[in-house]
Every structure is written in structure tokens, then in C-alpha cells.
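Text of structure-v8.txt, listed as compact mmCIF, N, CA and C atoms:
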# COMPACT_ATOMS: atom_id res chain seq x y z
N MET A 1189 -55.33 0.55 -2.18
CA MET A 1189 -54.50 0.28 -1.02
C MET A 1189 -53.27 1.19 -1.08
N PRO A 1190 -52.98 1.92 -0.01
CA PRO A 1190 -51.80 2.79 -0.03
C PRO A 1190 -50.51 1.98 -0.06
N ARG A 1191 -49.56 2.49 -0.79
CA ARG A 1191 -48.25 1.83 -0.90
C ARG A 1191 -47.45 2.11 0.37
N PRO A 1192 -46.60 1.17 0.78
CA PRO A 1192 -45.79 1.38 1.98
C PRO A 1192 -44.72 2.44 1.76
N THR A 1193 -44.25 2.97 2.86
CA THR A 1193 -43.22 4.00 2.79
C THR A 1193 -41.84 3.38 2.99
N LYS A 1194 -40.86 4.10 2.51
CA LYS A 1194 -39.46 3.67 2.61
C LYS A 1194 -39.06 3.55 4.08
N LEU A 1195 -38.35 2.48 4.40
CA LEU A 1195 -37.89 2.25 5.77
C LEU A 1195 -36.60 3.01 6.05
N ALA A 1196 -36.42 3.39 7.29
CA ALA A 1196 -35.17 4.03 7.72
C ALA A 1196 -34.07 2.96 7.82
N ASP A 1197 -32.84 3.39 7.73
CA ASP A 1197 -31.70 2.46 7.78
C ASP A 1197 -31.71 1.58 9.03
N ALA A 1198 -32.05 2.14 10.18
CA ALA A 1198 -32.09 1.35 11.41
C ALA A 1198 -33.16 0.26 11.34
N GLU A 1199 -34.31 0.59 10.75
CA GLU A 1199 -35.38 -0.40 10.60
C GLU A 1199 -34.93 -1.52 9.65
N ILE A 1200 -34.25 -1.15 8.60
CA ILE A 1200 -33.76 -2.13 7.63
C ILE A 1200 -32.79 -3.10 8.30
N GLN A 1201 -31.85 -2.58 9.05
CA GLN A 1201 -30.87 -3.43 9.73
C GLN A 1201 -31.54 -4.37 10.72
N GLU A 1202 -32.54 -3.87 11.43
CA GLU A 1202 -33.25 -4.70 12.40
C GLU A 1202 -34.02 -5.82 11.69
N LYS A 1203 -34.73 -5.50 10.64
CA LYS A 1203 -35.52 -6.49 9.91
C LYS A 1203 -34.62 -7.50 9.19
N LEU A 1204 -33.47 -7.06 8.74
CA LEU A 1204 -32.55 -7.95 8.02
C LEU A 1204 -32.06 -9.09 8.91
N ARG A 1205 -31.95 -8.84 10.21
CA ARG A 1205 -31.51 -9.88 11.14
C ARG A 1205 -32.47 -11.07 11.19
N SER A 1206 -33.71 -10.86 10.82
CA SER A 1206 -34.69 -11.95 10.87
C SER A 1206 -34.86 -12.64 9.51
N LEU A 1207 -33.99 -12.34 8.55
CA LEU A 1207 -34.08 -12.94 7.22
C LEU A 1207 -32.80 -13.71 6.90
N PRO A 1208 -32.72 -14.96 7.27
CA PRO A 1208 -31.52 -15.74 7.00
C PRO A 1208 -31.21 -15.78 5.50
N GLY A 1209 -29.94 -15.58 5.18
CA GLY A 1209 -29.48 -15.69 3.80
C GLY A 1209 -29.56 -14.42 2.98
N TRP A 1210 -30.28 -13.43 3.45
CA TRP A 1210 -30.44 -12.18 2.71
C TRP A 1210 -29.37 -11.17 3.12
N THR A 1211 -28.92 -10.39 2.16
CA THR A 1211 -27.95 -9.34 2.41
C THR A 1211 -28.45 -8.04 1.77
N LEU A 1212 -27.78 -6.96 2.11
CA LEU A 1212 -28.02 -5.69 1.43
C LEU A 1212 -26.95 -5.52 0.36
N ALA A 1213 -27.38 -5.18 -0.84
CA ALA A 1213 -26.45 -4.94 -1.95
C ALA A 1213 -26.99 -3.76 -2.76
N ASP A 1214 -26.25 -2.69 -2.76
CA ASP A 1214 -26.67 -1.48 -3.50
C ASP A 1214 -28.07 -1.02 -3.11
N GLY A 1215 -28.38 -1.08 -1.82
CA GLY A 1215 -29.67 -0.61 -1.33
C GLY A 1215 -30.82 -1.55 -1.56
N ARG A 1216 -30.53 -2.78 -1.99
CA ARG A 1216 -31.57 -3.77 -2.24
C ARG A 1216 -31.35 -4.99 -1.36
N LEU A 1217 -32.43 -5.71 -1.09
CA LEU A 1217 -32.29 -7.02 -0.47
C LEU A 1217 -31.87 -8.00 -1.56
N ARG A 1218 -30.94 -8.89 -1.26
CA ARG A 1218 -30.43 -9.83 -2.26
C ARG A 1218 -30.21 -11.20 -1.64
N ARG A 1219 -30.59 -12.21 -2.42
CA ARG A 1219 -30.33 -13.59 -2.00
C ARG A 1219 -30.17 -14.47 -3.24
N GLU A 1220 -29.32 -15.47 -3.10
CA GLU A 1220 -29.12 -16.46 -4.15
C GLU A 1220 -29.40 -17.85 -3.59
N TRP A 1221 -30.09 -18.67 -4.38
CA TRP A 1221 -30.35 -20.06 -4.02
C TRP A 1221 -29.79 -20.96 -5.11
N ARG A 1222 -29.42 -22.17 -4.71
CA ARG A 1222 -29.09 -23.24 -5.65
C ARG A 1222 -30.03 -24.40 -5.36
N PHE A 1223 -30.66 -24.88 -6.41
CA PHE A 1223 -31.60 -25.99 -6.30
C PHE A 1223 -30.98 -27.22 -6.95
N GLY A 1224 -31.67 -28.33 -6.92
CA GLY A 1224 -31.14 -29.57 -7.46
C GLY A 1224 -31.00 -29.58 -8.97
N ASN A 1225 -31.85 -28.79 -9.64
CA ASN A 1225 -31.83 -28.75 -11.10
C ASN A 1225 -32.70 -27.58 -11.57
N PHE A 1226 -32.82 -27.45 -12.87
CA PHE A 1226 -33.59 -26.35 -13.44
C PHE A 1226 -35.07 -26.42 -13.08
N VAL A 1227 -35.64 -27.61 -13.10
CA VAL A 1227 -37.06 -27.76 -12.82
C VAL A 1227 -37.38 -27.29 -11.40
N GLU A 1228 -36.55 -27.66 -10.43
CA GLU A 1228 -36.77 -27.20 -9.06
C GLU A 1228 -36.63 -25.69 -8.95
N ALA A 1229 -35.63 -25.12 -9.60
CA ALA A 1229 -35.43 -23.67 -9.56
C ALA A 1229 -36.62 -22.94 -10.19
N PHE A 1230 -37.04 -23.42 -11.34
CA PHE A 1230 -38.15 -22.78 -12.03
C PHE A 1230 -39.46 -22.97 -11.27
N GLY A 1231 -39.64 -24.13 -10.64
CA GLY A 1231 -40.82 -24.36 -9.83
C GLY A 1231 -40.91 -23.38 -8.67
N PHE A 1232 -39.76 -23.15 -8.02
CA PHE A 1232 -39.69 -22.16 -6.94
C PHE A 1232 -40.10 -20.78 -7.45
N MET A 1233 -39.56 -20.40 -8.60
CA MET A 1233 -39.89 -19.09 -9.16
C MET A 1233 -41.37 -19.00 -9.51
N SER A 1234 -41.94 -20.07 -10.03
CA SER A 1234 -43.36 -20.06 -10.39
C SER A 1234 -44.24 -19.88 -9.16
N ARG A 1235 -43.90 -20.59 -8.09
CA ARG A 1235 -44.69 -20.46 -6.85
C ARG A 1235 -44.53 -19.06 -6.25
N LEU A 1236 -43.32 -18.54 -6.27
CA LEU A 1236 -43.11 -17.20 -5.73
C LEU A 1236 -43.77 -16.14 -6.60
N ALA A 1237 -43.85 -16.37 -7.90
CA ALA A 1237 -44.52 -15.42 -8.78
C ALA A 1237 -45.99 -15.25 -8.40
N LEU A 1238 -46.64 -16.34 -8.00
CA LEU A 1238 -48.04 -16.25 -7.58
C LEU A 1238 -48.19 -15.43 -6.30
N VAL A 1239 -47.26 -15.61 -5.37
CA VAL A 1239 -47.26 -14.82 -4.13
C VAL A 1239 -47.02 -13.35 -4.46
N ALA A 1240 -46.03 -13.08 -5.29
CA ALA A 1240 -45.69 -11.70 -5.65
C ALA A 1240 -46.87 -11.01 -6.33
N GLU A 1241 -47.56 -11.73 -7.19
CA GLU A 1241 -48.71 -11.14 -7.89
C GLU A 1241 -49.81 -10.78 -6.90
N LYS A 1242 -50.09 -11.66 -5.94
CA LYS A 1242 -51.10 -11.35 -4.92
C LYS A 1242 -50.71 -10.12 -4.10
N MET A 1243 -49.40 -9.97 -3.86
CA MET A 1243 -48.90 -8.83 -3.09
C MET A 1243 -48.81 -7.56 -3.94
N ASP A 1244 -48.92 -7.71 -5.27
CA ASP A 1244 -48.68 -6.62 -6.21
C ASP A 1244 -47.29 -6.03 -5.99
N HIS A 1245 -46.33 -6.95 -5.82
CA HIS A 1245 -44.94 -6.56 -5.57
C HIS A 1245 -44.04 -7.58 -6.26
N HIS A 1246 -43.33 -7.15 -7.27
CA HIS A 1246 -42.66 -8.08 -8.16
C HIS A 1246 -41.14 -7.97 -8.05
N PRO A 1247 -40.47 -9.10 -7.92
CA PRO A 1247 -39.02 -9.11 -7.71
C PRO A 1247 -38.25 -8.86 -9.01
N ASP A 1248 -37.03 -8.39 -8.84
CA ASP A 1248 -36.05 -8.43 -9.91
C ASP A 1248 -35.30 -9.73 -9.68
N TRP A 1249 -35.32 -10.61 -10.67
CA TRP A 1249 -34.71 -11.92 -10.45
C TRP A 1249 -34.14 -12.48 -11.73
N SER A 1250 -33.28 -13.47 -11.54
CA SER A 1250 -32.72 -14.16 -12.68
C SER A 1250 -32.57 -15.64 -12.33
N ASN A 1251 -32.50 -16.45 -13.38
CA ASN A 1251 -32.37 -17.89 -13.22
C ASN A 1251 -31.40 -18.40 -14.27
N VAL A 1252 -30.40 -19.13 -13.82
CA VAL A 1252 -29.50 -19.85 -14.71
C VAL A 1252 -29.42 -21.27 -14.18
N TYR A 1253 -29.98 -22.19 -14.94
CA TYR A 1253 -30.07 -23.60 -14.61
C TYR A 1253 -30.60 -23.81 -13.18
N ASP A 1254 -29.74 -24.13 -12.22
CA ASP A 1254 -30.20 -24.45 -10.87
C ASP A 1254 -30.11 -23.27 -9.91
N ARG A 1255 -29.75 -22.11 -10.41
CA ARG A 1255 -29.50 -20.94 -9.57
C ARG A 1255 -30.57 -19.87 -9.78
N VAL A 1256 -31.08 -19.33 -8.67
CA VAL A 1256 -32.03 -18.22 -8.70
C VAL A 1256 -31.46 -17.10 -7.85
N VAL A 1257 -31.41 -15.90 -8.41
CA VAL A 1257 -30.97 -14.71 -7.69
C VAL A 1257 -32.15 -13.74 -7.64
N ILE A 1258 -32.44 -13.27 -6.45
CA ILE A 1258 -33.54 -12.31 -6.26
C ILE A 1258 -32.99 -11.04 -5.63
N GLU A 1259 -33.41 -9.91 -6.18
CA GLU A 1259 -33.13 -8.61 -5.59
C GLU A 1259 -34.45 -7.88 -5.43
N LEU A 1260 -34.63 -7.28 -4.27
CA LEU A 1260 -35.89 -6.63 -3.94
C LEU A 1260 -35.68 -5.18 -3.54
N GLU A 1261 -36.55 -4.34 -4.03
CA GLU A 1261 -36.71 -2.97 -3.56
C GLU A 1261 -38.06 -2.49 -4.07
N THR A 1262 -38.62 -1.53 -3.38
CA THR A 1262 -39.89 -0.96 -3.80
C THR A 1262 -39.58 0.28 -4.62
N HIS A 1263 -39.63 0.13 -5.93
CA HIS A 1263 -39.20 1.20 -6.83
C HIS A 1263 -39.96 2.49 -6.61
N ASP A 1264 -41.29 2.40 -6.47
CA ASP A 1264 -42.06 3.64 -6.33
C ASP A 1264 -41.88 4.31 -4.98
N ALA A 1265 -41.28 3.63 -4.00
CA ALA A 1265 -40.97 4.24 -2.70
C ALA A 1265 -39.52 4.72 -2.65
N GLY A 1266 -38.73 4.35 -3.64
CA GLY A 1266 -37.33 4.78 -3.68
C GLY A 1266 -36.43 4.05 -2.72
N GLY A 1267 -36.77 2.82 -2.36
CA GLY A 1267 -35.92 2.05 -1.44
C GLY A 1267 -36.68 0.85 -0.89
N LEU A 1268 -36.22 0.39 0.25
CA LEU A 1268 -36.81 -0.80 0.87
C LEU A 1268 -38.02 -0.44 1.73
N THR A 1269 -39.05 -1.28 1.62
CA THR A 1269 -40.26 -1.11 2.42
C THR A 1269 -40.60 -2.45 3.06
N GLN A 1270 -41.66 -2.45 3.84
CA GLN A 1270 -42.11 -3.69 4.46
C GLN A 1270 -42.47 -4.73 3.41
N LEU A 1271 -42.95 -4.31 2.26
CA LEU A 1271 -43.28 -5.25 1.18
C LEU A 1271 -42.07 -6.10 0.79
N ASP A 1272 -40.91 -5.49 0.73
CA ASP A 1272 -39.70 -6.22 0.36
C ASP A 1272 -39.39 -7.30 1.39
N PHE A 1273 -39.51 -6.96 2.64
CA PHE A 1273 -39.23 -7.93 3.70
C PHE A 1273 -40.29 -9.03 3.74
N ASP A 1274 -41.53 -8.68 3.45
CA ASP A 1274 -42.58 -9.70 3.42
C ASP A 1274 -42.35 -10.68 2.27
N LEU A 1275 -41.98 -10.17 1.09
CA LEU A 1275 -41.74 -11.05 -0.04
C LEU A 1275 -40.48 -11.89 0.18
N ALA A 1276 -39.46 -11.32 0.79
CA ALA A 1276 -38.25 -12.08 1.11
C ALA A 1276 -38.57 -13.22 2.07
N ALA A 1277 -39.37 -12.95 3.08
CA ALA A 1277 -39.75 -14.00 4.03
C ALA A 1277 -40.56 -15.09 3.34
N ALA A 1278 -41.44 -14.72 2.43
CA ALA A 1278 -42.21 -15.70 1.67
C ALA A 1278 -41.29 -16.56 0.80
N ALA A 1279 -40.29 -15.93 0.20
CA ALA A 1279 -39.32 -16.68 -0.62
C ALA A 1279 -38.57 -17.68 0.24
N ASN A 1280 -38.16 -17.27 1.43
CA ASN A 1280 -37.47 -18.20 2.33
C ASN A 1280 -38.34 -19.39 2.67
N ARG A 1281 -39.60 -19.14 2.97
CA ARG A 1281 -40.52 -20.25 3.31
C ARG A 1281 -40.70 -21.19 2.13
N LEU A 1282 -40.88 -20.65 0.94
CA LEU A 1282 -41.05 -21.51 -0.24
C LEU A 1282 -39.79 -22.31 -0.54
N ALA A 1283 -38.63 -21.66 -0.44
CA ALA A 1283 -37.37 -22.36 -0.72
C ALA A 1283 -37.14 -23.48 0.30
N GLU A 1284 -37.51 -23.23 1.53
CA GLU A 1284 -37.35 -24.26 2.58
C GLU A 1284 -38.21 -25.48 2.25
N ASN A 1285 -39.39 -25.24 1.71
CA ASN A 1285 -40.28 -26.34 1.33
C ASN A 1285 -39.74 -27.13 0.14
N GLU A 1286 -38.84 -26.55 -0.62
CA GLU A 1286 -38.24 -27.22 -1.77
C GLU A 1286 -37.21 -28.26 -1.32
N ARG A 1287 -36.68 -28.11 -0.16
CA ARG A 1287 -35.55 -28.94 0.26
C ARG A 1287 -36.02 -30.18 0.97
Full structure transcribed into C-alpha cells:
Amino acid sequence: MPRPTKLADAEIQEKLRSLPGWTLADGRLRREWRFGNFVEAFGFMSRLALVAEKMDHHPDWSNVYDRVVIELETHDAGGLTQLDFDLAAAANRLAENER
């Protein structure tokens, strides 16, 4: 399967408007969540890991107790691609189901 190409700045800004909670930070998509506790945070990460693996697109993320921070970029494309926006949207849907 061919890898997606890097999006232009205008495309990124347009797509970002449809992703509540996500921002651009150093050329990456970034979002932070707070969950009720560590188990909820880790459960979210576990479910998103399965989605990311199916997409063959893996996030840069961290977890400290109830907090999960995700940063996305397509390294082999040198910036943001549709894959990043698709994974961000999936993360939003999973996090919403946690609440």
C-alpha cells in the first residue's frame, strides 16, 4: 500500500478545524487527555494501539497516571498526512467512549 504524501499547510489548517482538542505543535498534531485514573488512561492507550497497528501508523505518546499526551506526524513523509488526521479522529472517538 503506498504511503500518503505530506499535506500542504492550507490542507492541515482546514482538517484541524474538524478535530476538537487537537493543536499544532512543532509541526505535529498534539492533544492531551485526562482520565479518571491510570486504568482508564491505559485502557484508552491499549484500544488506540490496536487501531494504530491496523493502520500501520504509530503515535508518539506518553502516559503519566491519568494523563495521556499524543503527538502525531508521518515520519517517512516528513510531516503531517491524512494518516495523522485519521488516527487523531479515531483517538477522539475512543476517548469520547471512555467518558
Fill in: Distance query A:Asp1264 at most 8 Å, only N, CA and C atoms, self and fewer than 5 positions along chain excluded, as a list in words
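The residues satisfying every condition are Arg1191, Pro1192, Thr1193 and Lys1194 of chain A.
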Worksheet item: Within 7 Å of (-40.5, -8.5, -3.8), all atoms listed in the file: residues as a list of chain:residue names?
Response: A:Ala1240, A:His1245, A:His1246, A:Pro1247, A:Asp1248, A:Glu1259, A:Leu1260, A:Glu1261, A:Leu1271, A:Asp1272, A:Phe1273, A:Asp1274, A:Leu1275, A:Ala1276
Worksheet item: Which residue, A:Arg1216, A:Thr1211, A:Phe1223, A:Met1243, has the smallest gap to A:Gly1266 when you use only C-alpha atoms?
Response: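 The closest residue to A:Gly1266 is A:Arg1216.
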Worksheet item: Which value, in Å to one decimal, gives the distance between atom C of A:Glu1202 and atom N of A:Leu1236?
Response: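 Distance between the two atoms: 23.9 Å.
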Practice prompt. Can you work out the spacing between atom N of A:Glu1220 and atom CA of A:Leu1268 in Å, to one decimal?
Written response: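 Pair atom N of A:Glu1220 / atom CA of A:Leu1268 returns 16.9 Å.
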Quick one: what's the axis-aligned box for stretch 1224-1239 of chain A, all listed atoms, 5 Å on every side, centre and edges in Å to one decimal, as AutoDock Vina command-line options?
--center_x -39.6 --center_y -21.5 --center_z -8.8 --size_x 27.2 --size_y 26.2 --size_z 19.3
Discussion item. As a ChimeraX atom specification, please: every residue in chain A that a backbone DSSP assignment puts in alpha helix (DSSP H).
Written reply: /A:1197-1204,1226-1243,1270-1286
Item to complete: Figure out the distance between atom CA of A:Asn1251 and atom CA of A:Phe1230, please, to one decimal in Å.
Response: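 Atom CA of A:Phe1230 sits 7.7 Å away from atom CA of A:Asn1251.
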Fill in: Residue among A:Trp1221, A:Arg1235, A:Thr1262, A:Thr1269 lying closest to A:Asp1197, counting only C-alpha atoms
A:Thr1269
Fill in: Among the residues A:Arg1205, A:Arg1222, A:Lys1242, A:His1263, the one that comes closest to A:Ala1283 [using only C-alpha atoms]
A:Arg1222
Practice prompt. Using only N, CA and C atoms, pick whichever of A:Met1233, A:Val1239, A:Val1227, A:Ala1278 has the shortest atom-to-atom distance to A:Tyr1253.
Written response: A:Val1227
Practice prompt. Identify the residues around (-29.8, -25.1, -11.9) within a radius of 6 Å, measuring from only C-alpha atoms in the coordinates stated by the file, and give them as a list in words.
Written response: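 Nearby residues: Phe1223, Asn1225, Phe1226, Val1252, Tyr1253, Asp1254 and Arg1255 of chain A.
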Worksheet item: DSSP says strand (DSSP E or B) for which residues of chain A? Put them as a list in words?
Response: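 Taking chain A and keeping strand (DSSP E or B) only, one gets Thr1211, Leu1212, Ala1213, Arg1216, Leu1217, Arg1218, Arg1219, Glu1220, Trp1221, Arg1222, Asp1248, Trp1249, Ser1250, Asn1251, Val1252, Arg1255, Val1256, Val1257, Ile1258, Glu1259, Leu1260, Thr1262 and Gly1267 of chain A.
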Worksheet item: Taking all atoms listed in the file into account, which of A:Ala1237, A:Asp1244, A:Leu1217, A:Glu1228 comes nearest A:Ile1258?
Response: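 Among the listed residues, the smallest separation from A:Ile1258 belongs to A:Leu1217.
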